[in-house]
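Participant: One structure, pasted below without further comment.
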Amino acid sequence: MSIYDTLNEQQRDAVFCTEGPLLLLAGAGSGKTRVLTHRIAYLIEEIGVNPYNIMAITFTNKAAAEMRERVDALVGFGSEHIWVSTFHSACVRILRQYIDLIGYDRHFTIYDTDDQKTVVRDVMKRLNIDKKQFPERSVLGAISKAKDELITPSEYEMQNRGKFRESQVAKIYTEYQKQLKANNALDFDDLLVKTVELFQFHPEVLEIFQNRLKYIMVDEYQDTNTVQFTFVSMLARKHRNLCVVGDDDQSIYKFRGANIYNILNFENIFKEATVIKLEQNYRSTQNILNAANEVIRNNKGRKAKRLWTENEAGEPIDFHQYETEYDEAQQVLNEIERKNRDGIAYKDMAILYRTNAQSRVLEEKFLLKNIPYKIVGGINFYSRKEVKDILAYLKVIDNGYDDLAVRRIINVPKRGIGATTINKVANYAFEQEMSFMDACREAYNIPTLKSAANKVLDFAAQIEGFRKVAANGTLVELFQAVTEGTGYLIDLQADDSEEAKARLENIDELLNKITEYELSAENPTLGELLEEIALVADVDSLDQSDDRVVLMTLHSAKGLEFPYVFLVGMEDGIFPSYMTLMSDDKDDIEEERRLCYVGITRAKQKLYISAAKHRMMHGRMQFNKVSRFVDEIPETLLALDRGVNLKSKDPAKSLFSTNRNMESRKPYYQRSQAKAKDFGFGSSASVDYEVGDTVSHVKFGRGVVVELVKGGRDYEVTVEFERVGRKKMFASFAKLKKV
DNA sequence: CTCCTTTGTCTTTTT
DNA sequence: GACAAAGGAG
């Protein structure tokens, strides 16, 4: 009896097929991670491959850690020598060793999306390009797309001669890239692009890695883009032992440049490739799987396959359309409570939604009911202002060329250095062709500065001081020097608002992170710490031993599974999103459908689908039809009756049919915004309290109404709360209850 | 230079 | 509603 006996025939074929290119088409829940880990074990134990010669690329750090753990359990030794990482971390690791060969300093900084925006904004200002006409989002999108396709600024310019918009973007792209280089910084895309460049211009470096990485495996291959593909195929060119695993039906990152042809054309590119399909699903019940199959069947561009399972039929899929998003949240939470009483652990239940914004209403209910939960994604911890400020200090200490970081902190906390002064220093730096930080150090040379020069010099001296601490002390000591030496902590401590308290907590949390890093890393350095922070995804921190209900977007849920899954907000306009409904590109709706497929197949035992008839979106009441995807699930798989909560206050007025089935069969586009407005949720808004009444609020607790003003379509109510003081809010949002 | 208020814009998904 | 930019007062 060997460990391989537990695999099915196709899985075993995949494990034993170790030489040459291999394309593994692995449907959802077909045990691809099992195959990958067993394949690695087989390579090490049976073929005698040195773990050092194996590389596995995963999508998230969490998946990487998990894979290592599972291989470790199988082989018992050597797994720590396997190179398991994400694309981005792998590239950083290579670049930290060799990037000086292509003209960067090895202490480069990694820019996140916010940093990118700042650079684009600056560049556009300098080039005098109107940001109304060229929103930074779309400019960055174009740049990122170009990078994904390995198009350099000059190539981009040549390809777009004579096209006004594109040539403007080309100018921005060129300047943007120059700026990054000057700051000794790379954005996320650059990590890949620069590595490929390094390999192109320095084949000797490429060869080092080719010689080492004899067996390469890529997980979630359907979501790779052109640079990533180039990177991998360069590495694999020598030994050609490239195993890619993916499912074209789960390709959900086209917006990020994922190139589905990487998987669809793999056999054309690697002619000798073996192709193995894994179609038996071990995860979900028959009902769930059937629903998933029926939905995905509506897509045109896909490889033919049909997942099957030996699992039992299981319970039908629950579907409810509720009145509002609040009702929906309430009922979902009720069910979670019920299940928990029946002995289902919280961590076995997950709520999935299309957009992060949908988490807010749910979170409020969780707080109210005191059910443990964890929200993945959304506002990243590391993008909070106070955390970014402190990190900017650390970045400046690590890489003095990072002008962006310097400018962020030069007046934080307040040092009396205003915009005028900063511009003068920036101009001087530009004329002298030096970094902003170096210009600060020479502030006495800038005649126009006058008295401000001393303030700038003090700042430069302070950074110098921190550098000394960094050179001699621990990271925690450095952290303390920065937070205390700058007065950042004292300022916050002096302020006793709720907000300041929250900020202090976040700074504390950052200290925890740094302490933890310093304890666990073999050879902790400031650079590595910053890098680790730059490359973590929020899912990475998901600890599945915690007994909490998990809330996340469908995108984040890829690769995960839960016994009980709630798919909320299944409405046309939300999922599929309004943007894709409006798009002329038919592929967009197919991508949404794949996302739906991913969502459905996360569930092992039972799936709950729900929608709201109307909900507040962007500050307006929106009336949505049930998602077309729900319509694609055969009725026989759905349970529609039990516990339906149709609290329709006035059915006569209702423009939505009370019959949910009829509703979902109507053409989707007939809903008009004007009609929705006529219902005037706003104009009919009324409140059952008045000035002087005591009311209670979900978050703020008890308070007294001090003012009530009728606005255009809503009441504006001001309440003096016992705990948090005076707040002004709209009655329809506040949901105040008279006590 | 700083702080406050007002106004306008934008709303998908993320390494 | 969330946030950034702009405008205005001290």
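Ligands are numbered from 1 in the order shown, chains are lettered A, B, ... in the order of the structure tokens, and residues start at 1 in each chain.
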Skipping near chain neighbours, those fewer than 3 positions away, what residues fall within 9 Å of stretch 3-8 of chain C using only C-alpha atoms (C1' of nucleotides), listed as a ChimeraX atom specification?

Facilitator: /B:4-9

Participant: Could you write out the selected residues, including N, CA and C atoms (P, O5', C5', C4', C3', O3' and C1' of nucleotides), as an mmCIF file, in the first residue's frame?

Facilitator:
```cif
data_model
loop_
_atom_site.group_PDB
_atom_site.id
_atom_site.type_symbol
_atom_site.label_atom_id
_atom_site.label_comp_id
_atom_site.auth_asym_id
_atom_site.auth_seq_id
_atom_site.Cartn_x
_atom_site.Cartn_y
_atom_site.Cartn_z
ATOM 1 P P DC B 4 -9.913 71.308 12.766
ATOM 2 O "O5'" DC B 4 -11.205 71.720 11.935
ATOM 3 C "C5'" DC B 4 -11.809 72.992 12.157
ATOM 4 C "C4'" DC B 4 -12.522 73.415 10.903
ATOM 5 C "C3'" DC B 4 -13.539 72.382 10.412
ATOM 6 O "O3'" DC B 4 -14.851 72.815 10.752
ATOM 7 C "C1'" DC B 4 -12.270 73.383 8.633
ATOM 8 P P DT B 5 -16.045 71.836 10.349
ATOM 9 O "O5'" DT B 5 -16.449 72.427 8.933
ATOM 10 C "C5'" DT B 5 -16.710 73.831 8.793
ATOM 11 C "C4'" DT B 5 -16.996 74.115 7.339
ATOM 12 C "C3'" DT B 5 -18.100 73.221 6.751
ATOM 13 O "O3'" DT B 5 -19.084 74.039 6.131
ATOM 14 C "C1'" DT B 5 -16.145 73.133 5.403
ATOM 15 P P DT B 6 -20.356 73.381 5.508
ATOM 16 O "O5'" DT B 6 -19.969 73.368 3.961
ATOM 17 C "C5'" DT B 6 -19.513 74.573 3.350
ATOM 18 C "C4'" DT B 6 -19.035 74.258 1.948
ATOM 19 C "C3'" DT B 6 -20.058 73.483 1.103
ATOM 20 O "O3'" DT B 6 -20.258 74.190 -0.107
ATOM 21 C "C1'" DT B 6 -17.944 72.430 1.023
ATOM 22 P P DT B 7 -21.434 73.796 -1.059
ATOM 23 O "O5'" DT B 7 -20.649 73.092 -2.243
ATOM 24 C "C5'" DT B 7 -19.478 73.711 -2.801
ATOM 25 C "C4'" DT B 7 -18.756 72.679 -3.642
ATOM 26 C "C3'" DT B 7 -19.703 71.837 -4.508
ATOM 27 O "O3'" DT B 7 -19.389 72.077 -5.868
ATOM 28 C "C1'" DT B 7 -18.100 70.477 -3.378
ATOM 29 P P DG B 8 -20.250 71.440 -7.012
ATOM 30 O "O5'" DG B 8 -19.342 70.202 -7.413
ATOM 31 C "C5'" DG B 8 -17.972 70.429 -7.761
ATOM 32 C "C4'" DG B 8 -17.277 69.093 -7.914
ATOM 33 C "C3'" DG B 8 -18.026 68.106 -8.810
ATOM 34 O "O3'" DG B 8 -17.094 67.538 -9.706
ATOM 35 C "C1'" DG B 8 -17.546 67.101 -6.732
ATOM 36 P P DT B 9 -17.621 66.822 -10.995
ATOM 37 O "O5'" DT B 9 -17.011 65.377 -10.771
ATOM 38 C "C5'" DT B 9 -15.637 65.231 -10.406
ATOM 39 C "C4'" DT B 9 -15.437 63.850 -9.826
ATOM 40 C "C3'" DT B 9 -16.175 62.768 -10.618
ATOM 41 O "O3'" DT B 9 -15.221 61.931 -11.239
ATOM 42 C "C1'" DT B 9 -16.452 62.506 -8.258
#
```

Participant: I'd like the neighbourhood of C:DA2 as a ChimeraX atom specification, where a residue qualifies if any of its atoms comes within 12 Å (using only C-alpha atoms (C1' of nucleotides)), though same-chain residues fewer than 4 positions away should be ignored.

Facilitator: /A:357,379,618-619 /B:9-11

Participant: With all heavy atoms retained, export the selected residues as a compact mmCIF listing (two decimals), in the first residue's frame.

Facilitator:
```
# COMPACT_ATOMS: atom_id res chain seq x y z
N ALA A 357 -17.84 46.32 -0.78
CA ALA A 357 -18.76 47.25 -0.12
C ALA A 357 -19.94 46.51 0.52
O ALA A 357 -20.53 46.99 1.49
CB ALA A 357 -19.27 48.28 -1.12
N ILE A 379 -10.56 47.24 2.90
CA ILE A 379 -9.52 48.20 3.21
C ILE A 379 -8.38 47.46 3.87
O ILE A 379 -8.49 47.00 4.99
CB ILE A 379 -9.99 49.35 4.13
CG1 ILE A 379 -11.50 49.41 4.18
CG2 ILE A 379 -9.35 50.66 3.74
CD1 ILE A 379 -12.09 48.75 5.39
N HIS A 618 -24.67 53.45 -3.64
CA HIS A 618 -24.13 54.77 -3.94
C HIS A 618 -25.07 55.85 -3.44
O HIS A 618 -25.34 56.82 -4.12
CB HIS A 618 -23.91 54.96 -5.44
CG HIS A 618 -23.44 53.73 -6.12
ND1 HIS A 618 -22.38 53.00 -5.65
CD2 HIS A 618 -23.88 53.09 -7.20
CE1 HIS A 618 -22.21 51.97 -6.45
NE2 HIS A 618 -23.11 51.99 -7.39
N GLY A 619 -25.64 55.63 -2.29
CA GLY A 619 -26.51 56.62 -1.71
C GLY A 619 -27.89 56.71 -2.31
O GLY A 619 -28.66 57.60 -2.00
P DT B 9 -17.62 66.82 -11.00
OP1 DT B 9 -16.92 67.45 -12.13
OP2 DT B 9 -19.09 66.72 -10.96
O5' DT B 9 -17.01 65.38 -10.77
C5' DT B 9 -15.64 65.23 -10.41
C4' DT B 9 -15.44 63.85 -9.83
O4' DT B 9 -15.98 63.81 -8.50
C3' DT B 9 -16.17 62.77 -10.62
O3' DT B 9 -15.22 61.93 -11.24
C2' DT B 9 -16.99 62.00 -9.57
C1' DT B 9 -16.45 62.51 -8.26
N1 DT B 9 -17.47 62.58 -7.17
C2 DT B 9 -17.27 61.84 -6.03
O2 DT B 9 -16.31 61.12 -5.87
N3 DT B 9 -18.25 61.97 -5.07
C4 DT B 9 -19.38 62.76 -5.15
O4 DT B 9 -20.19 62.80 -4.24
C5 DT B 9 -19.53 63.50 -6.39
C7 DT B 9 -20.72 64.37 -6.58
C6 DT B 9 -18.58 63.38 -7.33
P DC B 10 -15.68 60.91 -12.33
OP1 DC B 10 -14.64 60.85 -13.35
OP2 DC B 10 -17.08 61.19 -12.70
O5' DC B 10 -15.65 59.56 -11.49
C5' DC B 10 -14.55 59.30 -10.62
C4' DC B 10 -14.99 58.31 -9.57
O4' DC B 10 -15.96 58.91 -8.70
C3' DC B 10 -15.67 57.07 -10.15
O3' DC B 10 -14.99 55.95 -9.67
C2' DC B 10 -17.08 57.13 -9.61
C1' DC B 10 -16.87 57.91 -8.32
N1 DC B 10 -18.10 58.55 -7.78
C2 DC B 10 -18.41 58.37 -6.43
O2 DC B 10 -17.67 57.68 -5.71
N3 DC B 10 -19.52 58.96 -5.93
C4 DC B 10 -20.30 59.71 -6.72
N4 DC B 10 -21.36 60.27 -6.17
C5 DC B 10 -19.99 59.90 -8.10
C6 DC B 10 -18.89 59.31 -8.59
P DT B 11 -14.55 54.78 -10.32
OP1 DT B 11 -14.36 53.94 -9.18
OP2 DT B 11 -13.49 55.15 -11.24
O5' DT B 11 -15.68 54.17 -11.26
C5' DT B 11 -16.96 53.79 -10.80
C4' DT B 11 -16.93 53.04 -9.46
O4' DT B 11 -17.16 53.99 -8.42
C3' DT B 11 -18.06 52.05 -9.35
O3' DT B 11 -17.59 50.74 -9.68
C2' DT B 11 -18.49 52.12 -7.90
C1' DT B 11 -18.10 53.51 -7.48
N1 DT B 11 -19.26 54.45 -7.47
C2 DT B 11 -19.78 54.79 -6.23
O2 DT B 11 -19.37 54.34 -5.19
N3 DT B 11 -20.82 55.67 -6.27
C4 DT B 11 -21.39 56.25 -7.40
O4 DT B 11 -22.33 57.03 -7.30
C5 DT B 11 -20.79 55.83 -8.66
C7 DT B 11 -21.34 56.39 -9.93
C6 DT B 11 -19.75 54.97 -8.62
```

Participant: Find the residues in chain A near chain B: any atom within 8 Å counts, using only C-alpha atoms (C1' of nucleotides). Write them as number ranges by chain.

Facilitator: A: 60, 88, 188, 253, 255-256, 354-355, 416-418, 535, 537, 553, 555, 577, 579, 618

Participant: Atom CA of A:Lys374 and atom CA of A:Arg283, how far apart in Å?

Facilitator: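 The value is 23.3 Å.
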
Participant: Go ahead and compute the interatomic distance for atom CA of A:Thr285 and atom CA of A:Ile317, in Å to one decimal.

Facilitator: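 These atoms are spaced 10.3 Å apart.
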
Participant: Have a look at atom CA of A:Ala329 and atom CA of A:Glu499 and let me know their distance in Å, one decimal.

Facilitator: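 We find that atom CA of A:Ala329 and atom CA of A:Glu499 lie 26.9 Å from each other.
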